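Dropping my_file-v1.txt in here (compact mmCIF, C-alpha atoms and all ligand atoms):
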# COMPACT_ATOMS: atom_id res chain seq x y z
CA MET A 444 0.00 0.00 0.00
CA ALA A 445 1.05 3.61 -0.48
CA ASN A 446 1.19 4.07 3.29
CA ASP A 447 4.41 2.18 3.62
CA SER A 448 6.29 5.16 2.24
CA ILE A 449 5.65 7.04 5.52
CA LYS A 450 8.21 6.33 8.24
CA ILE A 451 7.68 7.89 11.64
CA GLY A 452 10.57 8.52 14.02
CA VAL A 453 9.77 8.92 17.71
CA ILE A 454 12.33 10.63 19.96
CA GLY A 455 12.28 9.20 23.48
CA GLY A 456 12.04 5.58 24.53
CA GLY A 457 9.40 5.46 27.25
CA GLN A 458 6.01 3.77 27.37
CA LEU A 459 4.35 6.49 25.27
CA ALA A 460 6.61 5.71 22.31
CA ARG A 461 6.08 2.02 22.97
CA MET A 462 2.29 2.39 22.82
CA MET A 463 2.56 4.23 19.45
CA VAL A 464 4.07 1.12 17.87
CA PRO A 465 0.96 -1.13 17.57
CA PRO A 466 -1.29 1.46 15.84
CA ALA A 467 1.54 2.44 13.47
CA ILE A 468 1.86 -1.22 12.51
CA HIS A 469 -1.91 -1.58 12.09
CA LEU A 470 -1.97 1.46 9.79
CA GLY A 471 0.79 -0.01 7.66
CA LEU A 472 3.24 2.73 8.62
CA ARG A 473 6.83 2.18 9.61
CA ILE A 474 7.99 3.47 12.97
CA SER A 475 11.32 3.67 14.72
CA VAL A 476 12.30 5.03 18.10
CA LEU A 477 15.38 6.93 19.28
CA ALA A 478 15.61 5.62 22.84
CA GLU A 479 18.08 6.82 25.45
CA ALA A 480 19.22 3.28 26.30
CA ALA A 481 18.80 -0.22 24.91
CA GLY A 482 16.83 -1.47 27.91
CA MET A 483 14.15 1.21 27.70
CA SER A 484 10.47 0.44 27.33
CA ALA A 485 10.15 1.33 23.64
CA ALA A 486 13.64 0.18 22.68
CA ARG A 487 12.52 -3.34 23.49
CA ALA A 488 9.73 -2.89 20.92
CA ALA A 489 11.57 -0.75 18.30
CA ASP A 490 15.17 0.25 17.42
CA ALA A 491 17.80 3.08 17.55
CA VAL A 492 19.58 4.17 20.72
CA GLY A 493 21.13 7.61 21.31
CA ASP A 494 21.14 10.89 23.24
CA TYR A 495 18.36 13.32 22.19
CA ARG A 496 20.40 16.26 23.52
CA ASP A 497 23.18 15.57 21.02
CA PRO A 498 22.37 17.41 17.74
CA GLU A 499 24.29 15.06 15.45
CA THR A 500 22.58 12.00 16.94
CA VAL A 501 19.15 13.53 16.32
CA TYR A 502 20.02 14.71 12.79
CA ALA A 503 21.33 11.25 11.88
CA PHE A 504 18.18 9.59 13.28
CA ALA A 505 15.97 12.08 11.40
CA GLU A 506 17.72 11.17 8.14
CA THR A 507 16.25 7.67 8.46
CA VAL A 508 12.59 8.78 8.76
CA ASP A 509 10.02 11.07 7.08
CA VAL A 510 8.49 12.70 10.15
CA ILE A 511 9.73 13.25 13.70
CA THR A 512 7.52 13.15 16.79
CA PHE A 513 8.06 12.70 20.52
CA ASP A 514 7.61 10.59 23.62
CA HIS A 515 8.60 13.56 25.85
CA GLU A 516 9.09 17.31 25.61
CA HIS A 517 12.78 17.54 26.44
CA VAL A 518 14.40 17.74 22.99
CA PRO A 519 16.01 21.20 22.78
CA GLY A 520 14.11 23.64 20.53
CA GLU A 521 17.33 24.65 18.68
CA ILE A 522 17.78 21.08 17.45
CA LEU A 523 14.18 20.89 16.25
CA ARG A 524 14.34 24.25 14.48
CA GLU A 525 17.46 23.09 12.66
CA LEU A 526 15.64 19.92 11.61
CA GLU A 527 12.87 22.05 10.12
CA ALA A 528 15.44 24.26 8.42
CA ARG A 529 16.80 21.08 6.82
CA GLY A 530 13.33 20.37 5.45
CA LYS A 531 12.32 17.66 7.94
CA GLN A 532 8.69 17.36 9.11
CA VAL A 533 8.51 17.77 12.90
CA HIS A 534 5.17 17.32 14.76
CA PRO A 535 4.37 19.06 16.97
CA ARG A 536 6.34 21.90 15.39
CA PRO A 537 8.90 23.57 17.67
CA ASP A 538 6.91 26.83 17.68
CA ALA A 539 4.01 24.96 19.29
CA LEU A 540 6.06 22.55 21.41
CA GLN A 541 7.78 25.40 23.26
CA PHE A 542 4.52 26.01 25.17
CA ALA A 543 4.74 22.49 26.60
CA GLN A 544 8.50 22.72 27.21
CA ASP A 545 8.53 25.89 29.28
CA LYS A 546 5.86 26.52 31.91
CA ILE A 547 6.45 30.30 31.87
CA LEU A 548 5.99 30.53 28.07
CA MET A 549 2.92 28.34 28.53
CA ARG A 550 1.38 30.70 31.12
CA GLU A 551 2.10 33.72 28.89
CA LYS A 552 0.50 32.03 25.86
CA LEU A 553 -2.60 30.91 27.76
CA GLU A 554 -3.14 34.46 29.03
CA GLU A 555 -2.75 35.78 25.49
CA LEU A 556 -5.43 33.28 24.36
CA GLY A 557 -7.76 34.45 27.13
CA VAL A 558 -7.78 31.02 28.79
CA PRO A 559 -8.34 31.05 32.60
CA VAL A 560 -5.20 30.17 34.61
CA PRO A 561 -4.23 30.40 38.31
CA ALA A 562 -2.72 33.74 39.42
CA TRP A 563 1.00 33.49 38.59
CA ALA A 564 4.26 35.41 38.28
CA LYS A 565 7.79 34.73 37.10
CA VAL A 566 10.32 35.47 39.81
CA ALA A 567 14.10 35.83 39.63
CA ASP A 568 14.94 35.98 43.33
CA GLU A 569 13.74 35.15 46.84
CA ALA A 570 12.49 38.66 47.57
CA ALA A 571 10.14 38.66 44.57
CA LEU A 572 8.93 35.18 45.46
CA GLN A 573 8.27 36.13 49.09
CA ASN A 574 6.23 39.13 47.91
CA PHE A 575 4.02 36.85 45.82
CA ILE A 576 3.60 34.35 48.67
CA ASP A 577 2.65 37.11 51.12
CA ALA A 578 0.15 38.59 48.64
CA HIS A 579 -1.53 35.16 48.07
CA GLY A 580 -2.39 33.92 51.54
CA GLY A 581 1.07 32.90 52.77
CA ARG A 582 1.42 29.76 50.64
CA ALA A 583 2.12 29.26 46.95
CA VAL A 584 3.21 26.66 44.40
CA VAL A 585 6.68 27.12 42.91
CA LYS A 586 7.67 25.35 39.68
CA THR A 587 10.82 25.11 37.62
CA ALA A 588 10.00 26.37 34.12
CA ARG A 589 11.64 23.40 32.39
CA GLY A 590 12.37 19.74 32.90
CA GLY A 591 9.70 18.79 35.48
CA TYR A 592 7.41 15.76 35.26
CA ASP A 593 5.24 13.71 37.64
CA GLY A 594 5.40 16.46 40.26
CA LYS A 595 9.21 16.74 40.19
CA GLY A 596 9.94 20.44 39.89
CA VAL A 597 6.79 21.41 41.86
CA ARG A 598 6.89 22.51 45.53
CA VAL A 599 4.28 24.04 47.82
CA VAL A 600 6.07 26.61 49.98
CA SER A 601 5.39 29.30 52.55
CA GLU A 602 8.97 30.68 52.68
CA ALA A 603 10.97 31.67 49.61
CA ALA A 604 14.06 30.01 51.16
CA GLU A 605 12.42 26.61 50.60
CA VAL A 606 13.45 26.81 46.92
CA ARG A 607 16.89 28.38 47.49
CA ASP A 608 18.49 25.37 45.74
CA TRP A 609 16.45 26.10 42.58
CA PHE A 610 17.49 29.78 42.57
CA THR A 611 21.12 28.69 43.05
CA ALA A 612 20.84 26.31 40.11
CA LEU A 613 19.35 29.10 37.95
CA ALA A 614 22.20 31.44 38.91
CA GLU A 615 24.71 28.80 37.77
CA ASP A 616 22.88 28.26 34.48
CA ALA A 617 24.41 30.46 31.76
CA ARG A 618 20.92 31.06 30.32
CA GLY A 619 19.77 32.49 33.67
CA GLY A 620 16.05 32.55 34.07
CA PHE A 621 13.04 32.58 36.33
CA LEU A 622 10.98 30.31 38.51
CA LEU A 623 7.21 30.18 38.06
CA VAL A 624 5.10 30.86 41.15
CA GLU A 625 1.33 30.30 41.29
CA GLU A 626 -1.48 30.68 43.76
CA LEU A 627 -2.28 27.42 45.60
CA VAL A 628 -5.58 26.56 43.91
CA ASP A 629 -8.31 25.13 46.14
CA PHE A 630 -9.53 22.63 43.57
CA VAL A 631 -12.15 19.92 44.00
CA ARG A 632 -10.80 17.73 41.22
CA GLU A 633 -8.55 17.65 38.18
CA LEU A 634 -9.80 17.28 34.60
CA SER A 635 -8.03 16.62 31.33
CA GLN A 636 -9.09 17.30 27.76
CA LEU A 637 -7.33 15.38 25.01
CA VAL A 638 -7.33 16.79 21.50
CA ALA A 639 -5.81 15.49 18.27
CA ARG A 640 -4.99 18.04 15.55
CA ARG A 641 -3.68 17.47 12.07
CA PRO A 642 -1.41 19.88 10.16
CA SER A 643 -4.44 20.70 7.97
CA GLY A 644 -6.31 21.86 11.09
CA GLU A 645 -8.69 18.87 11.34
CA ILE A 646 -9.45 18.37 15.04
CA ARG A 647 -11.01 15.64 17.20
CA THR A 648 -11.56 15.59 20.96
CA TRP A 649 -12.14 12.75 23.39
CA PRO A 650 -14.58 13.17 26.31
CA VAL A 651 -13.24 15.27 29.19
CA VAL A 652 -11.85 12.91 31.86
CA GLU A 653 -11.26 13.20 35.60
CA THR A 654 -7.72 12.46 36.75
CA ILE A 655 -6.91 11.44 40.31
CA GLN A 656 -3.33 12.05 41.50
CA ARG A 657 -1.50 10.52 44.45
CA ASP A 658 1.84 11.96 45.59
CA GLY A 659 1.96 14.14 42.47
CA VAL A 660 1.55 11.12 40.15
CA CYS A 661 -1.54 10.19 38.16
CA ALA A 662 -3.21 7.21 39.87
CA GLU A 663 -6.61 6.84 38.15
CA VAL A 664 -8.50 8.25 35.17
CA LEU A 665 -12.31 8.22 34.95
CA ALA A 666 -13.74 8.50 31.44
CA PRO A 667 -15.92 10.37 30.90
CA ALA A 668 -15.57 12.68 33.92
CA PRO A 669 -18.66 12.45 36.15
CA VAL A 670 -20.85 15.53 35.73
CA GLN A 671 -20.85 17.84 38.78
CA HIS A 672 -21.64 21.28 37.33
CA ALA A 673 -23.37 20.98 33.98
CA SER A 674 -21.39 23.78 32.32
CA THR A 675 -17.93 22.81 33.60
CA LEU A 676 -17.23 19.96 31.20
CA ASP A 677 -18.44 22.03 28.22
CA GLU A 678 -16.13 24.81 29.29
CA ALA A 679 -13.21 22.37 29.66
CA ALA A 680 -13.87 21.06 26.15
CA GLU A 681 -13.99 24.59 24.71
CA ILE A 682 -10.70 25.43 26.41
CA GLY A 683 -9.10 22.31 24.91
CA LEU A 684 -10.08 23.38 21.38
CA LYS A 685 -8.98 26.96 21.95
CA VAL A 686 -5.56 25.86 23.18
CA ALA A 687 -5.10 23.39 20.32
CA GLU A 688 -5.95 26.02 17.71
CA GLY A 689 -4.18 28.88 19.48
CA THR A 690 -0.88 27.01 19.84
CA GLY A 691 -1.09 25.34 16.42
CA VAL A 692 -0.24 21.96 17.96
CA THR A 693 -0.03 18.94 15.66
CA GLY A 694 -0.54 15.46 17.12
CA VAL A 695 -2.14 14.87 20.52
CA LEU A 696 -2.48 17.64 23.10
CA ALA A 697 -3.51 17.11 26.72
CA VAL A 698 -4.84 20.12 28.60
CA GLU A 699 -4.78 19.47 32.34
CA MET A 700 -7.20 21.59 34.36
CA PHE A 701 -8.37 22.27 37.90
CA GLU A 702 -12.08 22.45 38.71
CA THR A 703 -12.61 24.89 41.54
CA ARG A 704 -15.20 24.60 44.29
CA ASP A 705 -17.51 27.04 42.44
CA GLY A 706 -17.31 25.11 39.14
CA ARG A 707 -14.70 27.25 37.34
CA VAL A 708 -11.98 25.69 35.25
CA LEU A 709 -8.32 26.81 35.37
CA VAL A 710 -5.64 25.38 33.09
CA ASN A 711 -2.71 23.87 34.97
CA GLU A 712 -0.52 22.23 32.36
CA LEU A 713 -0.13 21.31 28.68
CA ALA A 714 1.41 18.17 27.21
CA MET A 715 1.96 17.89 23.46
CA ARG A 716 2.09 14.12 23.03
CA PRO A 717 -0.08 11.20 24.09
CA HIS A 718 -0.70 11.52 27.82
CA ASN A 719 -1.41 9.30 30.81
CA SER A 720 -4.94 10.77 30.99
CA GLY A 721 -5.64 9.19 27.57
CA HIS A 722 -4.49 5.62 28.10
CA PHE A 723 -8.13 4.61 28.68
CA SER A 724 -8.71 5.31 24.97
CA ILE A 725 -6.81 2.17 23.86
CA GLU A 726 -9.86 0.08 24.80
CA GLY A 727 -12.33 2.85 25.69
CA SER A 728 -12.46 4.73 22.38
CA VAL A 729 -13.05 3.78 18.77
CA THR A 730 -9.68 5.41 18.00
CA SER A 731 -7.04 5.61 20.72
CA GLN A 732 -4.90 8.65 21.47
CA PHE A 733 -1.86 6.73 20.19
CA GLU A 734 -3.52 5.94 16.87
CA ASN A 735 -4.77 9.49 16.35
CA HIS A 736 -1.35 10.86 17.31
CA ILE A 737 0.23 8.67 14.64
CA ARG A 738 -2.46 9.61 12.11
CA ALA A 739 -2.06 13.32 12.88
CA VAL A 740 1.73 13.42 12.58
CA ALA A 741 1.54 11.38 9.35
CA ASP A 742 -1.16 13.83 8.14
CA LEU A 743 -3.74 11.09 7.70
CA PRO A 744 -7.49 11.59 8.41
CA LEU A 745 -8.27 11.28 12.14
CA GLY A 746 -10.39 8.46 13.56
CA ASP A 747 -13.64 8.56 15.54
CA THR A 748 -12.96 9.41 19.20
CA SER A 749 -16.29 8.31 20.67
CA MET A 750 -16.38 5.79 23.53
CA THR A 751 -16.78 2.07 22.78
CA ARG A 752 -18.72 1.63 26.04
CA PRO A 753 -20.36 4.23 28.31
CA ALA A 754 -17.49 4.14 30.85
CA ALA A 755 -13.78 3.38 31.04
CA VAL A 756 -11.45 3.56 34.05
CA MET A 757 -7.67 3.35 33.93
CA VAL A 758 -5.57 2.64 37.00
CA ASN A 759 -1.78 3.03 36.89
CA VAL A 760 0.50 0.27 38.14
CA LEU A 761 3.49 1.70 39.98
CA GLY A 762 6.70 -0.20 40.64
CA GLY A 763 7.28 -1.77 44.00
CA PRO A 764 7.86 -5.49 44.02
CA SER A 765 11.16 -6.75 42.68
CA GLU A 766 11.51 -7.72 39.02
CA GLY A 767 11.37 -11.41 39.90
CA THR A 768 7.85 -11.23 41.31
CA MET A 769 6.37 -8.98 38.57
CA LEU A 770 5.72 -11.84 36.16
CA ALA A 771 3.90 -13.78 38.87
CA ARG A 772 1.77 -10.68 39.55
CA TYR A 773 0.86 -10.35 35.88
CA GLN A 774 -0.08 -14.01 35.75
CA GLN A 775 -2.29 -13.55 38.80
CA ALA A 776 -3.91 -10.37 37.42
CA LEU A 777 -4.67 -12.01 34.07
CA ALA A 778 -6.02 -15.13 35.74
CA GLU A 779 -8.23 -13.38 38.29
CA HIS A 780 -9.42 -10.42 36.16
CA PRO A 781 -10.12 -11.61 32.62
CA ALA A 782 -12.25 -8.52 31.85
CA ALA A 783 -9.37 -6.17 32.70
CA LYS A 784 -6.86 -5.13 30.04
CA VAL A 785 -3.50 -5.31 31.79
CA HIS A 786 -0.65 -3.42 30.13
CA SER A 787 3.01 -3.90 31.00
CA TYR A 788 5.62 -1.41 29.81
CA ASP A 789 8.41 -3.99 30.20
CA LYS A 790 10.26 -1.57 32.50
CA GLN A 791 12.54 -2.23 35.42
CA SER A 792 10.39 -1.97 38.54
CA ARG A 793 11.36 0.82 40.93
CA PRO A 794 9.22 2.21 43.76
CA GLY A 795 6.82 4.87 42.41
CA ARG A 796 7.76 4.33 38.75
CA LYS A 797 4.94 3.83 36.22
CA VAL A 798 5.44 0.27 34.98
CA GLY A 799 2.00 -0.54 33.56
CA HIS A 800 -1.70 0.20 33.73
CA VAL A 801 -5.06 -1.53 33.83
CA THR A 802 -8.20 -0.48 31.96
CA VAL A 803 -11.72 -1.78 32.37
CA THR A 804 -14.65 -0.65 30.20
CA GLY A 805 -18.37 -1.19 30.74
CA ALA A 806 -21.82 0.20 31.27
CA ASP A 807 -21.41 1.90 34.63
CA LEU A 808 -18.51 3.98 35.94
CA GLU A 809 -18.66 2.79 39.56
CA THR A 810 -18.67 -0.91 38.62
CA VAL A 811 -15.91 -0.44 36.11
CA ARG A 812 -13.81 1.54 38.56
CA ALA A 813 -14.09 -1.12 41.26
CA ALA A 814 -13.01 -3.78 38.74
CA ALA A 815 -10.01 -1.75 37.54
CA VAL A 816 -8.89 -0.95 41.08
CA ALA A 817 -9.17 -4.62 42.07
CA ALA A 818 -7.09 -5.77 39.10
CA ALA A 819 -4.39 -3.12 39.71
CA ALA A 820 -4.32 -4.03 43.44
CA VAL A 821 -2.76 -7.36 42.51
CA PHE A 822 0.47 -5.41 41.90
CA GLU A 823 0.57 -3.67 45.30
P1 LIG B 901 4.24 18.16 36.41
O1 LIG B 901 4.66 18.87 35.17
O2 LIG B 901 5.39 17.66 37.20
O3 LIG B 901 3.14 17.15 36.20
P2 LIG B 901 2.23 20.03 37.38
O4 LIG B 901 2.42 21.47 37.12
O5 LIG B 901 1.24 19.30 36.53
O6 LIG B 901 3.64 19.30 37.35
O7 LIG B 901 1.83 19.83 38.90
C1 LIG B 901 1.75 18.53 39.50
C2 LIG B 901 0.56 18.48 40.48
O8 LIG B 901 0.74 19.47 41.52
C3 LIG B 901 -0.78 18.84 39.84
O9 LIG B 901 -1.37 17.71 39.22
C4 LIG B 901 -1.57 19.33 41.05
O10 LIG B 901 -2.07 18.23 41.78
C5 LIG B 901 -0.50 20.06 41.87
N1 LIG B 901 -0.48 21.49 41.53
C6 LIG B 901 0.21 22.07 40.51
N2 LIG B 901 -0.02 23.40 40.46
C7 LIG B 901 -0.89 23.69 41.45
C8 LIG B 901 -1.53 24.90 41.91
N3 LIG B 901 -1.30 26.10 41.35
N4 LIG B 901 -2.37 24.80 42.96
C9 LIG B 901 -2.63 23.61 43.55
N5 LIG B 901 -2.05 22.45 43.18
C10 LIG B 901 -1.19 22.47 42.14

Represent the structure from my file as structure tokens, please.
Amino acid sequence: MANDSIKIGVIGGGQLARMMVPPAIHLGLRISVLAEAAGMSAARAADAVGDYRDPETVYAFAETVDVITFDHEHVPGEILRELEARGKQVHPRPDALQFAQDKILMREKLEELGVPVPAWAKVADEAALQNFIDAHGGRAVVKTARGGYDGKGVRVVSEAAEVRDWFTALAEDARGGFLLVEELVDFVRELSQLVARRPSGEIRTWPVVETIQRDGVCAEVLAPAPVQHASTLDEAAEIGLKVAEGTGVTGVLAVEMFETRDGRVLVNELAMRPHNSGHFSIEGSVTSQFENHIRAVADLPLGDTSMTRPAAVMVNVLGGPSEGTMLARYQQALAEHPAAKVHSYDKQSRPGRKVGHVTVTGADLETVRAAAVAAAAVFE
């Protein structure tokens, strides 16, 4: 088929790249992965190994494919701009991706788009930070602009000195820079809107989901999000579309939001790649986030994003038990929970590390949630 002329290169070797492999194969596309090390999750399913911070490594990898996309947001923008200058397709494009790479640029862009965000400021020193904290009730959330994930790079503080190490690191960085500080939002729950957008502008959205975090890490996703205030989910969906169009993202975008006690929605964070809040879509949607990401970056028509059943719940499996016992746990989970879809990322188990997930779909959210939690509990 004509499809086999398109070869997709994914930079980053984690589970997101790994989960892009099956839909690429089903679509008749070729896919390869530039993983950081041979033992990484996606490297076990696909090929090349190298450092994404090294320009020559990335340029050489790009030579072997038609379009570049990502498993994470950490590839330096300069390298991606050079790839574009050399005529390579990069999705999302670096001009869009920057808003997911740098939380200060992201806040500035969201304000420009008129999207509601928590009160925030960029601060260069402890005095400026303390002023913000004092003006916002004595506590605030401080974030490093770049490089954070799963709550690393996020601290709730009441004294500016609690992030002295981050200011020291900034002072030693030749590029200098700022920390982001935000009001501590009194939210009742967190929501996420996933959007897929093609270079042509074609857009599809999945239902807004509720995400439940524990210790700064996503623990569960409920799809669709239970309705609490009728207008909130519509507003979240509108925000998702506005951000996708306003940033010009190509591929999958996740817009993470807080729902406040009075039913308002504030955007917390953007991710421009498939996202943990969309793993439910592998079984829960006609077209998964991984498939639509692949379709979008290959500039193919997007698939239907409606749910296959009324409800889907995903529960993450975090590392804990030693490698030796993991296989026994999988065998037990598969044996005892045949209705659950148990995913393993083939990763070394370390405490707190995402090593797999479980999804259950069905007619009723509460029943499905109990089943997914029970299956994931086998790994505790
Ligand atoms: P990361 O990029 O590491 O995922 P986030 O910015 O998404 O970091 O923050 C991680 C978690 O910290 C959020 O899911 C939320 O639970 C909490 N958090 C972040 N910002 C705020 C805020 N302004 N107010 C209250 N909680 C916050």

Practice task
May I have the residues within 9 Å of ligand LIG 901 (chain B), computed using all atoms listed in the file, as a ChimeraX atom specification?
Solution key: /A:546,560-563,583-586,589-599,624-630,632-633,654-661,699-701,711-714

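Nearest-residue note for Phe504 of chain A: choosing from A:Ile451, A:Ala480, A:Ala528, A:Ile576, the minimum distance belongs to A:Ile451, counting only C-alpha atoms.
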
Exercise for the section: Fewer than 4 positions away in the same chain doesn't count, so skip those; otherwise give me all residues within 9 Å of Val651 of chain A, counting all atoms listed in the file, as a list in words. Expected result: Leu634, Ser635, Gln636, Leu637, Ala666, Pro667, Ala668, Leu676, Asp677, Ala679 and Ala680 of chain A

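Distances to Gly452 of chain A were evaluated for A:His534, A:Arg529, A:Glu653, A:Glu516 using all atoms listed in the file, and the minimum falls at A:His534.
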
Please work out which residues fall within 10 Å of (-4.8, 6.8, 11.6), coordinates as given in the file, with all atoms listed in the file counting, and return them as a PDB file with C-alpha atoms, keeping the file's coordinate frame.
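Full text of selection.pdb as output:
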ATOM      1  CA  PRO A 466      -1.290   1.460  15.840  1.00  0.00           C
ATOM      2  CA  ALA A 467       1.540   2.440  13.470  1.00  0.00           C
ATOM      3  CA  HIS A 469      -1.910  -1.580  12.090  1.00  0.00           C
ATOM      4  CA  LEU A 470      -1.970   1.460   9.790  1.00  0.00           C
ATOM      5  CA  GLY A 471       0.790  -0.010   7.660  1.00  0.00           C
ATOM      6  CA  LEU A 472       3.240   2.730   8.620  1.00  0.00           C
ATOM      7  CA  THR A 730      -9.680   5.410  18.000  1.00  0.00           C
ATOM      8  CA  SER A 731      -7.040   5.610  20.720  1.00  0.00           C
ATOM      9  CA  PHE A 733      -1.860   6.730  20.190  1.00  0.00           C
ATOM     10  CA  GLU A 734      -3.520   5.940  16.870  1.00  0.00           C
ATOM     11  CA  ASN A 735      -4.770   9.490  16.350  1.00  0.00           C
ATOM     12  CA  HIS A 736      -1.350  10.860  17.310  1.00  0.00           C
ATOM     13  CA  ILE A 737       0.230   8.670  14.640  1.00  0.00           C
ATOM     14  CA  ARG A 738      -2.460   9.610  12.110  1.00  0.00           C
ATOM     15  CA  ALA A 739      -2.060  13.320  12.880  1.00  0.00           C
ATOM     16  CA  VAL A 740       1.730  13.420  12.580  1.00  0.00           C
ATOM     17  CA  ALA A 741       1.540  11.380   9.350  1.00  0.00           C
ATOM     18  CA  ASP A 742      -1.160  13.830   8.140  1.00  0.00           C
ATOM     19  CA  LEU A 743      -3.740  11.090   7.700  1.00  0.00           C
ATOM     20  CA  PRO A 744      -7.490  11.590   8.410  1.00  0.00           C
ATOM     21  CA  LEU A 745      -8.270  11.280  12.140  1.00  0.00           C
ATOM     22  CA  GLY A 746     -10.390   8.460  13.560  1.00  0.00           C
ATOM     23  CA  ASP A 747     -13.640   8.560  15.540  1.00  0.00           C
TER      24      ASP A 747
END

Handout entry: Counting only C-alpha atoms, the residue of A:Asn759, A:Gln774, A:Thr810, A:Gln544 that sits nearest Val798 of chain A
Key =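 Checking each of A:Asn759, A:Gln774, A:Thr810, A:Gln544 against Val798 of chain A, counting only C-alpha atoms, the winner is A:Asn759.
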
Practice task
For Gly727 of chain A, please output as a ChimeraX atom specification all residues within 7 Å (counting all atoms listed in the file; exclusion window: fewer than 6 positions along the same chain).
Solution key: /A:750-752,755,804

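Considering the residues A:Pro559, A:Pro717, A:Gly683, A:Pro650 and counting all atoms listed in the file, Val453 of chain A has its shortest atom-to-atom contact with A:Pro717.
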
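Between Leu540 of chain A and the candidates A:Arg793, A:Arg582, A:Arg716, A:Arg641, the tightest atom-to-atom separation, counting all atoms listed in the file, involves A:Arg716.
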
Exercise for the section: Quick one: pull the distance between atom CA of Val501 of chain A and atom CA of Gln541 of chain A, Å, one decimal. Expected result: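 Between atom CA of Val501 of chain A and atom CA of Gln541 of chain A the gap is 17.8 Å.
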
Exercise for the section: For Ile511 of chain A, please output as a PyMOL selection string all residues within 12 Å (counting only C-alpha atoms; exclusion window: fewer than 4 positions along the same chain). Expected result: chain A and resi 449-455+460+474-477+501-507+518+522-524+526-527+530-537+693-694+736-737+739-741

Edge lengths and centre in Å to one decimal, as AutoDock Vina command-line options, is what I'm after for the box along x, y and z that holds all listed atoms of segment 709-725 of chain A once 8 Å is added on each side.
--center_x -3.3 --center_y 14.5 --center_z 29.2 --size_x 26.8 --size_y 40.6 --size_z 28.3

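Nearest-residue note for Asp807 of chain A: choosing from A:Asp497, A:Val760, A:Ile547, A:Pro753, the minimum distance belongs to A:Pro753, counting all atoms listed in the file.
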
Problem - One-decimal distance in Å that lies between atom CA of Arg812 of chain A and atom CA of Leu665 of chain A - result: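 Calculated distance between atom CA of Leu665 of chain A and atom CA of Arg812 of chain A is 7.7 Å.
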
Exercise for the section: To one decimal in Å, tell me the separation between atom CA of Ser601 of chain A and atom CA of Gly581 of chain A. Expected result: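 Separating atom CA of Ser601 of chain A from atom CA of Gly581 of chain A is a distance of 5.6 Å.
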